[in-house]
Each structure stands twice: as structure tokens, then as C-alpha cells.
$ cat final30.csv   # CSV, C-alpha atoms
chain,number,residue,atom,x,y,z
A,1,MET,CA,10.6,-32.0,7.3
A,2,PRO,CA,11.0,-29.7,4.3
A,3,LYS,CA,8.5,-30.2,1.6
A,4,PRO,CA,9.8,-32.2,-1.4
A,5,PHE,CA,10.3,-30.8,-4.9
A,6,LEU,CA,7.4,-31.5,-7.2
A,7,THR,CA,7.3,-31.2,-11.0
A,8,TYR,CA,4.4,-29.2,-12.5
A,9,GLU,CA,2.7,-32.4,-13.3
A,10,GLN,CA,3.0,-33.6,-9.7
A,11,GLN,CA,1.7,-30.3,-8.5
A,12,LEU,CA,-1.4,-30.7,-10.7
A,13,ILE,CA,-1.9,-34.2,-9.4
A,14,LYS,CA,-1.6,-33.0,-5.8
A,15,LEU,CA,-4.2,-30.3,-6.4
A,16,ARG,CA,-6.6,-32.7,-8.0
A,17,ASP,CA,-6.1,-35.9,-5.9
A,18,GLU,CA,-5.1,-34.6,-2.5
A,19,LYS,CA,-6.7,-31.1,-2.4
A,20,HIS,CA,-9.7,-32.2,-4.4
A,21,ILE,CA,-9.5,-29.0,-6.5
A,22,VAL,CA,-11.5,-29.3,-9.7
A,23,ILE,CA,-9.2,-29.2,-12.8
A,24,THR,CA,-11.1,-28.5,-15.9
A,25,ASP,CA,-8.2,-27.9,-18.3
A,26,GLU,CA,-4.9,-29.6,-17.5
A,27,THR,CA,-2.9,-27.8,-20.1
A,28,LYS,CA,-4.0,-24.3,-18.9
A,29,THR,CA,-3.4,-25.4,-15.3
A,30,LEU,CA,0.1,-26.5,-16.0
A,31,CYS,CA,0.8,-23.3,-17.9
A,32,LYS,CA,-0.5,-21.2,-15.0
A,33,LEU,CA,1.5,-23.1,-12.4
A,34,GLN,CA,4.6,-22.5,-14.5
A,35,GLN,CA,3.9,-18.8,-15.0
A,36,VAL,CA,3.0,-18.0,-11.4
A,37,GLY,CA,4.3,-20.8,-9.2
A,38,TYR,CA,2.5,-23.1,-6.8
A,39,TYR,CA,3.5,-21.2,-3.7
A,40,SER,CA,2.5,-17.8,-5.0
A,41,LEU,CA,-0.8,-19.0,-6.5
A,42,VAL,CA,-2.1,-21.8,-4.3
A,43,SER,CA,-0.4,-21.2,-1.0
A,44,GLY,CA,-1.0,-17.5,-1.3
A,45,TYR,CA,-4.7,-17.5,-2.2
A,46,LYS,CA,-6.1,-20.7,-0.8
A,47,HIS,CA,-7.4,-19.4,2.5
A,48,LEU,CA,-10.8,-18.1,1.5
A,49,PHE,CA,-11.5,-21.3,-0.4
A,50,ARG,CA,-10.9,-23.6,2.6
A,51,ILE,CA,-13.4,-24.5,5.3
A,52,PRO,CA,-12.6,-22.5,8.4
A,53,ALA,CA,-10.5,-24.4,11.0
A,54,GLN,CA,-10.0,-27.2,8.5
A,55,LYS,CA,-7.4,-28.0,5.8
A,56,ILE,CA,-9.9,-29.1,3.2
A,57,TYR,CA,-11.3,-27.0,0.4
A,58,LYS,CA,-14.9,-26.2,0.0
A,59,ASN,CA,-16.5,-28.8,-2.2
A,60,GLY,CA,-16.3,-28.1,-5.9
A,61,THR,CA,-13.6,-25.4,-5.7
A,62,ALA,CA,-12.1,-25.0,-9.1
A,63,PHE,CA,-8.6,-24.1,-10.0
A,64,GLU,CA,-9.9,-21.2,-12.1
A,65,GLU,CA,-11.3,-19.6,-9.0
A,66,LEU,CA,-7.9,-19.6,-7.4
A,67,VAL,CA,-6.6,-17.9,-10.5
A,68,SER,CA,-9.4,-15.4,-10.5
A,69,LEU,CA,-8.6,-14.4,-6.9
A,70,TYR,CA,-4.9,-14.1,-7.8
A,71,GLU,CA,-5.7,-11.9,-10.9
A,72,PHE,CA,-8.2,-9.8,-8.8
A,73,ASP,CA,-5.4,-9.1,-6.3
A,74,GLU,CA,-3.0,-8.3,-9.2
A,75,ALA,CA,-5.6,-5.8,-10.5
A,76,LEU,CA,-5.9,-4.3,-7.0
A,77,ARG,CA,-2.2,-3.8,-6.7
A,78,GLU,CA,-2.1,-1.9,-10.0
A,79,LEU,CA,-5.1,0.2,-9.0
A,80,PHE,CA,-3.9,1.1,-5.5
A,81,LEU,CA,-0.3,1.7,-6.6
A,82,HIS,CA,-1.5,4.1,-9.3
A,83,TYR,CA,-3.1,6.4,-6.7
A,84,LEU,CA,-0.4,5.8,-4.1
A,85,LEU,CA,2.0,7.2,-6.6
A,86,HIS,CA,-0.2,10.2,-7.2
A,87,ILE,CA,-0.1,11.0,-3.4
A,88,GLU,CA,3.6,10.2,-3.3
A,89,ARG,CA,4.2,12.7,-6.1
A,90,HIS,CA,2.1,15.4,-4.3
A,91,ILE,CA,4.0,14.9,-1.0
A,92,ARG,CA,7.3,14.9,-2.8
A,93,SER,CA,6.5,18.3,-4.3
A,94,LEU,CA,5.2,19.8,-1.1
A,95,LEU,CA,8.2,18.6,1.1
A,96,SER,CA,10.8,20.1,-1.3
A,97,TYR,CA,8.8,23.3,-1.8
A,98,TYR,CA,8.3,24.2,1.8
A,99,PHE,CA,11.7,23.1,3.0
A,100,THR,CA,13.5,25.1,0.2
A,101,GLU,CA,11.2,28.1,0.8
A,102,LYS,CA,12.4,28.2,4.4
A,103,TYR,CA,16.0,27.2,4.2
A,104,GLY,CA,17.1,27.9,0.6
A,105,GLU,CA,18.3,25.8,-2.3
A,106,ALA,CA,21.8,24.8,-1.2
A,107,GLN,CA,22.2,21.1,-0.5
A,108,SER,CA,23.9,21.9,2.8
A,109,THR,CA,20.5,22.9,4.1
A,110,TYR,CA,18.9,19.4,4.0
A,111,LEU,CA,22.1,17.9,5.3
A,112,LEU,CA,22.1,20.1,8.4
A,113,LYS,CA,20.5,18.1,11.2
A,114,THR,CA,19.4,21.1,13.1
A,115,ASN,CA,17.1,22.1,10.3
A,116,TYR,CA,14.9,19.1,11.4
A,117,ASN,CA,13.2,18.5,14.7
A,118,TYR,CA,16.5,17.5,16.3
A,119,VAL,CA,15.2,16.6,19.7
A,120,ARG,CA,16.8,13.8,21.7
A,121,LYS,CA,14.2,11.1,20.7
A,122,HIS,CA,14.6,11.9,17.0
A,123,GLN,CA,18.3,12.3,16.8
A,124,GLN,CA,19.2,8.8,15.7
A,125,GLY,CA,16.5,8.8,13.1
A,126,ILE,CA,17.5,12.2,11.7
A,127,ASP,CA,21.2,11.0,11.7
A,128,ARG,CA,20.2,8.1,9.5
A,129,LEU,CA,18.0,10.3,7.3
A,130,VAL,CA,20.8,12.8,6.7
A,131,TYR,CA,23.2,9.9,6.0
A,132,GLU,CA,20.8,8.6,3.3
A,133,LEU,CA,20.4,12.0,1.7
A,134,GLN,CA,24.1,12.6,1.7
A,135,LYS,CA,24.8,9.3,0.1
A,136,LEU,CA,22.2,10.0,-2.5
A,137,THR,CA,23.9,13.3,-3.5
A,138,LEU,CA,26.9,11.2,-4.5
A,139,THR,CA,25.0,8.6,-6.5
A,140,THR,CA,25.8,7.8,-10.1
A,141,GLN,CA,22.6,5.8,-10.6
A,142,HIS,CA,20.5,9.0,-11.4
A,143,SER,CA,21.8,11.1,-14.2
A,144,TYR,CA,19.9,14.2,-13.2
A,145,ILE,CA,21.6,14.1,-9.7
A,146,ALA,CA,25.0,13.6,-11.3
A,147,TYR,CA,24.4,16.5,-13.7
A,148,GLN,CA,23.6,18.9,-10.8
A,149,ARG,CA,26.6,17.7,-8.8
A,150,ASN,CA,29.1,17.9,-11.7
A,151,THR,CA,27.7,21.1,-13.3
A,152,TYR,CA,26.7,23.2,-10.3
A,153,HIS,CA,28.4,21.4,-7.4
A,154,ASN,CA,25.0,21.5,-5.7
A,155,VAL,CA,22.0,19.2,-5.7
A,156,PRO,CA,18.9,21.2,-4.6
A,157,LEU,CA,16.2,19.3,-2.7
A,158,TRP,CA,13.7,19.7,-5.5
A,159,VAL,CA,16.1,17.6,-7.6
A,160,LEU,CA,17.1,15.1,-5.0
A,161,VAL,CA,13.6,14.5,-3.8
A,162,ASN,CA,12.7,12.7,-7.1
A,163,ALA,CA,15.0,9.8,-6.1
A,164,LEU,CA,13.6,9.4,-2.6
A,165,THR,CA,11.4,6.4,-1.8
A,166,PHE,CA,7.9,6.8,-0.3
A,167,GLY,CA,9.4,5.5,3.0
A,168,THR,CA,12.1,8.2,3.0
A,169,LEU,CA,9.6,10.9,2.2
A,170,SER,CA,7.5,9.7,5.1
A,171,LYS,CA,10.5,9.9,7.4
A,172,MET,CA,11.5,13.3,6.2
A,173,TYR,CA,8.0,14.6,6.9
A,174,PHE,CA,8.0,13.0,10.3
A,175,PHE,CA,11.3,14.8,11.2
A,176,PHE,CA,10.3,18.1,9.8
A,177,PRO,CA,9.8,21.0,12.3
A,178,LEU,CA,6.2,21.4,13.3
A,179,GLY,CA,5.9,24.6,11.3
A,180,LEU,CA,6.9,22.8,8.1
A,181,GLN,CA,4.6,19.9,8.9
A,182,SER,CA,1.8,22.3,9.3
A,183,LYS,CA,2.4,23.9,5.9
A,184,VAL,CA,2.4,20.6,4.2
A,185,SER,CA,-0.7,19.2,6.0
A,186,LYS,CA,-2.7,22.4,5.3
A,187,ASN,CA,-2.8,21.3,1.6
A,188,PHE,CA,-5.2,18.5,2.7
A,189,ALA,CA,-8.4,19.7,4.3
A,190,HIS,CA,-9.5,18.0,7.5
A,191,VAL,CA,-6.1,16.4,8.1
A,192,ASN,CA,-3.8,17.7,10.8
A,193,GLU,CA,0.0,17.3,11.0
A,194,LYS,CA,-0.1,14.1,13.1
A,195,GLN,CA,-2.8,12.5,11.1
A,196,LEU,CA,-1.0,13.0,7.8
A,197,GLY,CA,2.2,11.5,9.3
A,198,GLN,CA,0.2,8.4,10.3
A,199,PHE,CA,-1.4,8.2,6.9
A,200,LEU,CA,2.0,8.3,5.2
A,201,THR,CA,3.4,5.6,7.5
A,202,VAL,CA,0.7,3.1,6.7
A,203,MET,CA,0.6,4.0,3.0
A,204,THR,CA,4.3,3.3,2.8
A,205,LYS,CA,3.7,-0.3,3.9
A,206,PHE,CA,1.0,-0.8,1.4
A,207,ARG,CA,3.0,0.8,-1.4
A,208,ASN,CA,5.8,-1.7,-0.7
A,209,VAL,CA,3.4,-4.6,-0.9
A,210,CYS,CA,2.1,-3.4,-4.3
A,211,ALA,CA,5.7,-2.8,-5.6
A,212,HIS,CA,6.9,-6.2,-4.5
A,213,ASN,CA,3.9,-8.1,-5.9
A,214,GLU,CA,2.9,-9.5,-2.5
A,215,ARG,CA,-0.7,-10.4,-1.5
A,216,LEU,CA,-2.6,-7.1,-1.1
A,217,PHE,CA,-6.3,-7.8,-0.5
A,218,SER,CA,-5.8,-9.3,3.0
A,219,TYR,CA,-2.7,-7.5,4.1
A,220,ARG,CA,-2.5,-5.9,7.5
A,221,SER,CA,0.2,-3.4,8.5
A,222,LYS,CA,1.6,-3.2,12.0
A,223,ASP,CA,0.9,0.6,12.0
A,224,ALA,CA,-2.6,2.0,11.9
A,225,ILE,CA,-4.1,5.2,10.6
A,226,PRO,CA,-5.7,7.5,13.2
A,227,ASP,CA,-9.4,7.4,14.1
A,228,MET,CA,-11.1,9.7,11.6
A,229,ALA,CA,-14.6,11.2,11.3
A,230,LEU,CA,-15.3,8.7,8.5
A,231,HIS,CA,-14.9,5.7,10.8
A,232,SER,CA,-17.8,7.1,12.9
A,233,LYS,CA,-19.9,8.2,10.0
A,234,LEU,CA,-19.7,4.8,8.4
A,235,GLY,CA,-20.7,3.2,11.7
A,236,ILE,CA,-17.7,0.9,11.8
A,237,PRO,CA,-18.1,-1.3,15.0
A,238,LYS,CA,-15.8,-1.0,17.9
A,239,GLU,CA,-14.4,-3.5,20.3
A,240,ARG,CA,-12.9,-2.1,23.5
A,241,SER,CA,-13.0,1.3,21.9
A,242,LEU,CA,-11.0,0.1,18.9
A,243,TYR,CA,-12.5,0.2,15.4
A,244,GLN,CA,-12.6,-3.3,13.9
A,245,CYS,CA,-11.7,-2.3,10.4
A,246,GLY,CA,-10.4,0.6,8.4
A,247,LYS,CA,-7.3,1.0,10.7
A,248,ASN,CA,-4.5,-1.2,9.3
A,249,ASP,CA,-6.2,-3.0,6.5
A,250,LEU,CA,-6.8,-2.2,2.8
A,251,PHE,CA,-9.9,-0.1,3.7
A,252,ALA,CA,-7.6,2.1,5.8
A,253,VAL,CA,-5.9,3.0,2.5
A,254,VAL,CA,-9.3,3.7,1.0
A,255,ILE,CA,-10.0,6.1,3.9
A,256,ALA,CA,-6.6,7.8,3.4
A,257,PHE,CA,-7.4,8.2,-0.3
A,258,ARG,CA,-10.7,9.9,0.6
A,259,TYR,CA,-8.8,12.5,2.7
A,260,LEU,CA,-5.8,12.9,0.5
A,261,LEU,CA,-7.0,12.7,-3.1
A,262,PRO,CA,-9.0,15.4,-5.0
A,263,LYS,CA,-12.7,14.5,-4.9
A,264,GLN,CA,-13.1,13.6,-8.6
A,265,GLU,CA,-9.9,11.5,-8.5
A,266,PHE,CA,-11.2,9.6,-5.5
A,267,LEU,CA,-14.6,9.0,-7.2
A,268,LYS,CA,-12.8,7.6,-10.3
A,269,PHE,CA,-10.8,5.3,-8.0
A,270,LYS,CA,-13.9,4.1,-6.2
A,271,ARG,CA,-15.7,3.3,-9.5
A,272,THR,CA,-12.8,1.2,-10.7
A,273,LEU,CA,-12.6,-0.6,-7.4
A,274,THR,CA,-16.3,-1.3,-7.3
A,275,VAL,CA,-16.1,-2.8,-10.8
A,276,GLN,CA,-13.1,-5.0,-9.8
A,277,ILE,CA,-14.8,-6.4,-6.7
A,278,ASP,CA,-18.1,-7.0,-8.5
A,279,SER,CA,-16.2,-8.7,-11.4
A,280,PHE,CA,-14.4,-11.1,-9.1
A,281,LEU,CA,-17.5,-12.1,-7.2
A,282,LYS,CA,-19.1,-13.1,-10.4
A,283,SER,CA,-16.2,-15.4,-11.2
A,284,THR,CA,-16.5,-17.5,-8.0
A,285,THR,CA,-19.2,-19.4,-6.3
A,286,HIS,CA,-17.2,-20.3,-3.3
A,287,ILE,CA,-16.4,-16.9,-1.8
A,288,SER,CA,-19.3,-14.7,-0.7
A,289,GLU,CA,-19.2,-10.9,-0.8
A,290,GLU,CA,-19.3,-10.9,3.0
A,291,GLU,CA,-16.2,-13.2,3.2
A,292,LEU,CA,-14.3,-11.1,0.6
A,293,LEU,CA,-15.0,-7.8,2.2
A,294,ARG,CA,-14.1,-9.1,5.7
A,295,ALA,CA,-10.8,-10.4,4.4
A,296,MET,CA,-10.1,-6.9,2.8
A,297,GLY,CA,-11.2,-5.1,6.0
A,298,PHE,CA,-14.1,-3.4,4.2
A,299,PRO,CA,-17.4,-2.8,6.0
A,300,ALA,CA,-20.5,-3.9,4.2
A,301,ASN,CA,-21.5,-0.3,3.5
A,302,TRP,CA,-18.1,0.8,2.3
A,303,LYS,CA,-19.5,2.3,-0.9
A,304,LYS,CA,-21.1,5.1,1.2
A,305,ILE,CA,-17.6,6.5,1.9
A,306,SER,CA,-18.1,9.1,-0.8
A,307,LEU,CA,-21.5,10.2,0.4
A,308,TYR,CA,-20.3,11.6,3.8
A,309,ARG,CA,-18.7,15.0,4.1
A,310,ILE,CA,-15.3,15.0,5.7

$ encode --input "final30.csv" --output "C-alpha cells"
Amino acid sequence: MPKPFLTYEQQLIKLRDEKHIVITDETKTLCKLQQVGYYSLVSGYKHLFRIPAQKIYKNGTAFEELVSLYEFDEALRELFLHYLLHIERHIRSLLSYYFTEKYGEAQSTYLLKTNYNYVRKHQQGIDRLVYELQKLTLTTQHSYIAYQRNTYHNVPLWVLVNALTFGTLSKMYFFFPLGLQSKVSKNFAHVNEKQLGQFLTVMTKFRNVCAHNERLFSYRSKDAIPDMALHSKLGIPKERSLYQCGKNDLFAVVIAFRYLLPKQEFLKFKRTLTVQIDSFLKSTTHISEEELLRAMGFPANWKKISLYRI
């Protein structure tokens, strides 16, 4: 049976009387339910506050703690998106530079399928990519593309690339000839062509989560980053030769950042992340550091990630 509609007041009563959530300020609770929504706030962030294998909350759980976890996740999204966009911008620049260096500035070059790795297994994917690129050259939604089209009858890749999503950039890199992939990946020390492609695939998923305001801290992607030296140096445990964290969770993105961001930029990111985690843990008495880190996919010694050479 579908769940019945509940007014904000009925939602509050349900939290207090059925879920036994501590409500200290009814006015603020009603306001927060109105601003965020019951499903997004309660259903989205209740799991760490519930007793494992049971549907009841830990005794004394306060509504403010649910709000703190929601706001912590919101801050995480802003932080991770900030640095994901930095990497996206870098990749955007590298792809357009090396492709244009090899093939020239005419838009016909990036619409020519044979300029990609047009082997049988990639043909359908490249067909779709070229269709997307061609469609974008005709768009009226981006004035800078329309200007190039109307003024010069040519939209060079270094212009078009600014309108591509992270996902399309990832696909373009994946379909690049090996020689171009190599030129791009050499801009990131200790990362080869295949590893960079896997990083981009996973980061695309997390970038979408951030952009669509979905729950980030416990998200797991279907794709995984490759096994890297940092997995071993951090002593991340294995089960049947598979690392148990840092592969498709939020810590996988932290590992990708360690390899793809300049050192000082990564250290700045890590300092902010440390403050956010510590601040949230101080706001709750019902989620331990161990529980939070496990949900995020972080090993207990995650802060050592900047101590090891890569």
C-alpha cells in the first residue's frame, strides 16, 4: 500500500510518537521539514541512527542530529564538487589542446569518427559521441557556440568543449586514440592511460550525485577506480584479493584527488574535509567516528593519505 499523505504537523507527530525521535523545538522542526522534506531529510539520513537489523532508532536520537548529518552531507557535496570541477576544467583543457594539436581546429575533425579509436567494440559509442558533438554545434543555448557558428561557420573544439558535461569528456577521453590518451595522462604523474580513464568514469558518477543534491557520504558507484599504490600503502584490508574500501566509495574520490590534484590543492582539500568530519562528530552522540568512516568508505587511518609518496 502507498504511504498516506501527512501534513507537516502529522510528520512531526510521527517522528516523536512512532519513531521516538527527540523533538526539542517544534517550530524549528516544522520549518526544517518544510524546507527540506521528510523523505530527503529523514528517509535519506536515518540509517546511521537506527539500531542495525532493527527499525527503531537509537535511544535519545534527536531531530537536530538528523539535520546535522544532512547539513554535513550538504557541505561534503559543495567541497567535493569544488575540486571535481577543478579536475573537470583541467581535463577539458587537455582534451581540446591535444586533439586540436594533432588534427587541427576545423570542427569537421572532431566529427570524423576515424579520428577516434574506431575499432569494432567502440563504434556504437563513438557514433553516439559524434552525434552529441554535432548536435551541440547547432545549439542556440550557448551564445559563444552560436557566435562561432554564425561568424566563422566553424566551432573549434576549444570552444565546444566548454559545453561538454564531465560524462561526455570522460567518453571522449575513453575513445581517444592511445597516443592522445598517453599525452593527456602524462600530465598526471604516476597515472597511466587506463587508470586515468577509470578515475574519470568514477568521478563522473560522484559529480552527478553532487550536482543533483543526492546523498553523497554513503554513495557507492557501480564502477570502481583501479588498484593503486596508495591502497597498499594505507594497508586497506582485502577480501578475496579485493580492497574493501577506496574503490567505489567516497574515499575512492579522495584517492583520485590525491593523484590528480596539485599537492598543495589536495592538502587544502584534506584540511577542509578533516574540519567537516570533526565538526559533525561533535554535533552527534549517536554516531561514532568508526560508524561514520565505515559508511563513507574511509579507513581509520585515512588522514595518512598525504604522508605517502605516490

$ residues_near_point --input "final30.csv" --point "(-11.9, -1.2, -7.6)" --cutoff "9 Å" --atoms "only C-alpha atoms" --output "list in words"
Ala75, Leu76, Leu79, Phe80, Phe269, Lys270, Arg271, Thr272, Leu273, Thr274, Val275, Gln276, Ile277 and Asp278 of chain A

$ residues_around --input "final30.csv" --residues "stretch 37-42 of chain A" --least-positions-apart "3" --cutoff "7 Å" --atoms "only C-alpha atoms" --output "number ranges by chain"
A: 33-34, 45-46, 66, 70

$ residues_around --input "final30.csv" --residues "A:Ile126" --least-positions-apart "4" --cutoff "9 Å" --atoms "only C-alpha atoms" --output "PyMOL selection string"
chain A and resi 113+116-118+122+130-131+171-172+175

$ closest_residue --input "final30.csv" --among "A:Asp223, A:Ser241, A:Leu30, A:Phe72" --to "A:Lys282" --atoms "all atoms listed in the file"
A:Phe72

$ closest_residue --input "final30.csv" --among "A:Ala256, A:Thr151, A:Asn213, A:Ala163" --to "A:Thr139" --atoms "all atoms listed in the file"
A:Ala163

$ atom_distance --input "final30.csv" --atom1 "atom CA of A:Asn248" --atom2 "atom CA of A:Trp302"
15.4 Å

$ decode --input "final30.csv" --residues "stretch 40-143 of chain A" --atoms "C-alpha atoms" --output "short mmCIF file (atom, residue, chain, number, x, y, z; two decimals), in the first residue's frame"
data_model
loop_
_atom_site.label_atom_id
_atom_site.label_comp_id
_atom_site.auth_asym_id
_atom_site.auth_seq_id
_atom_site.Cartn_x
_atom_site.Cartn_y
_atom_site.Cartn_z
CA SER A 40 15.01 13.83 1.80
CA LEU A 41 15.83 14.50 5.43
CA VAL A 42 14.54 11.59 7.48
CA SER A 43 14.35 8.73 4.99
CA GLY A 44 17.64 9.82 3.42
CA TYR A 45 19.71 10.11 6.60
CA LYS A 46 18.14 7.82 9.19
CA HIS A 47 20.26 4.72 8.66
CA LEU A 48 23.20 5.53 10.92
CA PHE A 49 20.82 6.48 13.73
CA ARG A 50 18.98 3.16 13.71
CA ILE A 51 19.94 0.03 15.54
CA PRO A 52 21.38 -2.44 13.00
CA ALA A 53 18.87 -5.01 11.70
CA GLN A 54 16.06 -3.17 13.50
CA LYS A 55 13.68 -0.39 12.52
CA ILE A 56 13.98 1.54 15.76
CA TYR A 57 16.23 4.48 16.41
CA LYS A 58 18.99 4.54 18.99
CA ASN A 59 17.57 5.75 22.28
CA GLY A 60 17.68 9.52 22.63
CA THR A 61 18.31 10.33 18.97
CA ALA A 62 17.41 13.98 18.44
CA PHE A 63 15.94 15.52 15.31
CA GLU A 64 18.80 18.01 15.33
CA GLU A 65 21.23 15.15 14.80
CA LEU A 66 19.44 14.13 11.60
CA VAL A 67 19.66 17.74 10.48
CA SER A 68 23.39 17.82 11.32
CA LEU A 69 24.05 14.75 9.17
CA TYR A 70 22.04 16.27 6.33
CA GLU A 71 23.97 19.54 6.58
CA PHE A 72 27.28 17.65 6.82
CA ASP A 73 26.42 15.84 3.59
CA GLU A 74 25.45 19.15 2.01
CA ALA A 75 28.85 20.60 2.94
CA LEU A 76 30.56 17.49 1.57
CA ARG A 77 28.79 17.92 -1.76
CA GLU A 78 29.95 21.52 -2.02
CA LEU A 79 33.52 20.59 -1.11
CA PHE A 80 33.86 17.61 -3.44
CA LEU A 81 32.10 19.37 -6.32
CA HIS A 82 34.52 22.28 -6.00
CA TYR A 83 37.52 20.05 -6.63
CA LEU A 84 35.76 17.81 -9.14
CA LEU A 85 35.15 20.95 -11.19
CA HIS A 86 38.85 21.82 -10.93
CA ILE A 87 39.76 18.43 -12.41
CA GLU A 88 36.97 18.70 -14.99
CA ARG A 89 38.36 22.06 -16.12
CA HIS A 90 41.88 20.61 -16.40
CA ILE A 91 40.70 17.59 -18.42
CA ARG A 92 38.59 19.87 -20.63
CA SER A 93 41.66 21.93 -21.47
CA LEU A 94 43.93 18.93 -22.09
CA LEU A 95 41.48 17.10 -24.36
CA SER A 96 40.86 20.08 -26.61
CA TYR A 97 44.55 21.02 -26.73
CA TYR A 98 45.98 17.65 -27.72
CA PHE A 99 43.17 16.79 -30.12
CA THR A 100 43.47 20.14 -31.90
CA GLU A 101 47.25 19.93 -31.91
CA LYS A 102 47.01 16.64 -33.81
CA TYR A 103 44.01 17.21 -36.09
CA GLY A 104 43.60 20.99 -36.43
CA GLU A 105 40.93 23.49 -35.45
CA ALA A 106 38.21 22.67 -38.00
CA GLN A 107 35.03 21.28 -36.42
CA SER A 108 35.00 18.55 -39.05
CA THR A 109 37.96 16.94 -37.28
CA TYR A 110 36.11 16.05 -34.06
CA LEU A 111 33.08 14.97 -36.10
CA LEU A 112 35.18 12.49 -38.08
CA LYS A 113 34.74 9.11 -36.45
CA THR A 114 38.04 7.72 -37.70
CA ASN A 115 39.90 10.35 -35.65
CA TYR A 116 38.90 8.29 -32.61
CA ASN A 117 39.76 4.70 -31.75
CA TYR A 118 37.11 3.44 -34.16
CA VAL A 119 37.54 -0.29 -33.58
CA ARG A 120 34.51 -2.56 -33.73
CA LYS A 121 33.78 -2.64 -29.99
CA HIS A 122 33.84 1.18 -29.79
CA GLN A 123 31.93 2.05 -32.95
CA GLN A 124 28.47 2.43 -31.40
CA GLY A 125 29.85 4.55 -28.56
CA ILE A 126 31.79 6.79 -30.94
CA ASP A 127 28.73 7.10 -33.18
CA ARG A 128 26.74 8.39 -30.18
CA LEU A 129 29.57 10.72 -29.12
CA VAL A 130 29.89 12.28 -32.58
CA TYR A 131 26.10 12.68 -32.74
CA GLU A 132 26.16 14.54 -29.40
CA LEU A 133 29.02 16.78 -30.58
CA GLN A 134 27.34 17.54 -33.89
CA LYS A 135 24.08 18.38 -32.16
CA LEU A 136 25.93 20.71 -29.81
CA THR A 137 27.49 22.64 -32.71
CA LEU A 138 23.94 23.60 -33.72
CA THR A 139 22.75 24.63 -30.27
CA THR A 140 21.30 28.06 -29.54
CA GLN A 141 21.60 27.64 -25.78
CA HIS A 142 25.26 28.73 -25.64
CA SER A 143 25.89 32.16 -27.15
#
